[in-house]
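These notes are about the structure you will find just below.
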Amino acid sequence: MRSGIQTRSTRRIAVLSLALLAVGACGKKADQTATQTSGGAIAPTTSLQVTDVTLGRSVSGDKRVADQTDTFAARDTIYTSIHTTGSTQNANIAARWMFQDGQVVSESTETISPTGDAYTEFHVFKPSGWPAGKYTVHVLVNGQEVQTKDFTVK
């Protein structure tokens, strides 16, 4: 009699375990994936995308370029507005400003956690004036270059 009770209990435990396993496997998980870095750490991937980079002489309160241009005077403050879409936590977005000879003239980084469309603004100013020539702003997300935008100082 005791072995019959143990057999039924064992079956119930097995059935309940399988049911819980099936329910857990069917549950919807977040759309977050992870990547293993070369150092072995697990880093979440991002669904953040840079959709547009604009340049101009000023930005509005919503961080969009208000006076769009790609040609600047030597004493202009040069603004860039980076439009991103998607959601992520603590992404590093950077603007690296470079002169035509490859010299980095400025670089700055912001940490953002957008949940849809967002704009991030960067700007550079040189009181003594920018040398005339061609420049490029490189946009990086988490250290990876994703877009560039060329401009000229006359």
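Letters A, B, ... go to the chains of the structure tokens in the order shown; residues in each chain start at 1; ligands are counted from 1 in the same order.
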
Show me, as a ChimeraX atom specification, the residues that have an atom within 6 Å of segment 78-85 of chain A when counting only C-alpha atoms, minus same-chain residues fewer than 4 positions from it. /A:48-57,64-65,116-124

Find the residues near segment 144-153 of chain A: any atom within 6 Å, counting only C-alpha atoms, skip ones fewer than 6 places away on the same chain, and give them as a PyMOL selection string. chain A and resi 70-73+132-138

Mind dumping the selected residues with all heavy atoms as an mmCIF file, in the first residue's frame?
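This is the output file out.cif:
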```cif
data_model
loop_
_atom_site.group_PDB
_atom_site.id
_atom_site.type_symbol
_atom_site.label_atom_id
_atom_site.label_comp_id
_atom_site.auth_asym_id
_atom_site.auth_seq_id
_atom_site.Cartn_x
_atom_site.Cartn_y
_atom_site.Cartn_z
ATOM 1 N N ASP A 70 25.695 73.316 -43.320
ATOM 2 C CA ASP A 70 26.939 72.546 -43.233
ATOM 3 C C ASP A 70 28.139 73.425 -43.592
ATOM 4 O O ASP A 70 29.230 72.937 -43.827
ATOM 5 C CB ASP A 70 26.887 71.279 -44.092
ATOM 6 C CG ASP A 70 26.708 71.566 -45.568
ATOM 7 O OD1 ASP A 70 26.596 72.747 -45.956
ATOM 8 O OD2 ASP A 70 26.676 70.609 -46.359
ATOM 9 N N THR A 71 27.908 74.746 -43.605
ATOM 10 C CA THR A 71 28.977 75.711 -43.844
ATOM 11 C C THR A 71 28.959 76.742 -42.715
ATOM 12 O O THR A 71 27.919 77.341 -42.435
ATOM 13 C CB THR A 71 28.787 76.423 -45.206
ATOM 14 O OG1 THR A 71 28.712 75.423 -46.232
ATOM 15 C CG2 THR A 71 29.949 77.363 -45.498
ATOM 16 N N PHE A 72 30.130 76.946 -42.096
ATOM 17 C CA PHE A 72 30.215 77.794 -40.912
ATOM 18 C C PHE A 72 31.311 78.835 -41.069
ATOM 19 O O PHE A 72 32.270 78.641 -41.827
ATOM 20 C CB PHE A 72 30.508 76.932 -39.671
ATOM 21 C CG PHE A 72 29.432 75.927 -39.387
ATOM 22 C CD1 PHE A 72 29.470 74.662 -39.940
ATOM 23 C CD2 PHE A 72 28.358 76.263 -38.568
ATOM 24 C CE1 PHE A 72 28.467 73.736 -39.693
ATOM 25 C CE2 PHE A 72 27.353 75.349 -38.312
ATOM 26 C CZ PHE A 72 27.403 74.079 -38.880
ATOM 27 N N ALA A 73 31.193 79.926 -40.312
ATOM 28 C CA ALA A 73 32.240 80.937 -40.215
ATOM 29 C C ALA A 73 33.203 80.519 -39.102
ATOM 30 O O ALA A 73 32.861 79.711 -38.224
ATOM 31 C CB ALA A 73 31.627 82.306 -39.914
ATOM 32 N N ALA A 132 40.081 77.483 -41.380
ATOM 33 C CA ALA A 132 39.281 77.150 -42.561
ATOM 34 C C ALA A 132 39.625 75.740 -43.015
ATOM 35 O O ALA A 132 40.772 75.283 -42.903
ATOM 36 C CB ALA A 132 39.564 78.151 -43.673
ATOM 37 N N GLY A 133 38.614 75.028 -43.493
ATOM 38 C CA GLY A 133 38.856 73.682 -43.996
ATOM 39 C C GLY A 133 37.646 72.788 -43.826
ATOM 40 O O GLY A 133 36.551 73.230 -43.471
ATOM 41 N N LYS A 134 37.879 71.519 -44.090
ATOM 42 C CA LYS A 134 36.813 70.518 -43.997
ATOM 43 C C LYS A 134 36.927 69.783 -42.662
ATOM 44 O O LYS A 134 38.017 69.466 -42.199
ATOM 45 C CB LYS A 134 36.910 69.541 -45.156
ATOM 46 C CG LYS A 134 36.741 70.216 -46.506
ATOM 47 C CD LYS A 134 36.217 69.258 -47.539
ATOM 48 C CE LYS A 134 35.991 69.955 -48.859
ATOM 49 N NZ LYS A 134 34.839 70.804 -48.871
ATOM 50 N N TYR A 135 35.767 69.521 -42.057
ATOM 51 C CA TYR A 135 35.673 68.844 -40.771
ATOM 52 C C TYR A 135 34.647 67.726 -40.886
ATOM 53 O O TYR A 135 33.798 67.727 -41.781
ATOM 54 C CB TYR A 135 35.213 69.813 -39.675
ATOM 55 C CG TYR A 135 36.202 70.900 -39.332
ATOM 56 C CD1 TYR A 135 36.334 72.020 -40.157
ATOM 57 C CD2 TYR A 135 36.978 70.820 -38.191
ATOM 58 C CE1 TYR A 135 37.232 73.035 -39.841
ATOM 59 C CE2 TYR A 135 37.869 71.824 -37.859
ATOM 60 C CZ TYR A 135 37.988 72.933 -38.691
ATOM 61 O OH TYR A 135 38.877 73.928 -38.371
ATOM 62 N N THR A 136 34.710 66.811 -39.938
ATOM 63 C CA THR A 136 33.727 65.727 -39.853
ATOM 64 C C THR A 136 33.377 65.509 -38.390
ATOM 65 O O THR A 136 34.263 65.506 -37.531
ATOM 66 C CB THR A 136 34.290 64.409 -40.436
ATOM 67 O OG1 THR A 136 34.691 64.633 -41.781
ATOM 68 C CG2 THR A 136 33.251 63.292 -40.403
ATOM 69 N N VAL A 137 32.075 65.345 -38.130
ATOM 70 C CA VAL A 137 31.658 64.923 -36.798
ATOM 71 C C VAL A 137 31.321 63.434 -36.914
ATOM 72 O O VAL A 137 30.568 63.023 -37.796
ATOM 73 C CB VAL A 137 30.484 65.756 -36.228
ATOM 74 C CG1 VAL A 137 29.237 65.654 -37.063
ATOM 75 C CG2 VAL A 137 30.211 65.362 -34.783
ATOM 76 N N HIS A 138 31.939 62.630 -36.049
ATOM 77 C CA HIS A 138 31.717 61.184 -36.008
ATOM 78 C C HIS A 138 30.793 60.902 -34.821
ATOM 79 O O HIS A 138 31.076 61.347 -33.706
ATOM 80 C CB HIS A 138 33.038 60.429 -35.813
ATOM 81 C CG HIS A 138 34.007 60.648 -36.923
ATOM 82 N ND1 HIS A 138 34.233 59.714 -37.902
ATOM 83 C CD2 HIS A 138 34.805 61.707 -37.222
ATOM 84 C CE1 HIS A 138 35.134 60.181 -38.756
ATOM 85 N NE2 HIS A 138 35.499 61.391 -38.361
#
```

Atom pair atom CA of Lys126 of chain A / atom CA of Ile112 of chain A: separation (Å):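 It comes out at 26.2 Å.
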
From the set A:Ser60, A:Thr115, A:Thr109, A:Phe125, which residue has the shortest atom-to-atom contact distance to Asn92 of chain A, counting only C-alpha atoms? A:Thr109

Atom-to-atom span, atom CA of Ser47 of chain A and atom CA of Gly86 of chain A, Å: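 Spanning atom CA of Ser47 of chain A to atom CA of Gly86 of chain A is a straight-line distance of 5.5 Å.
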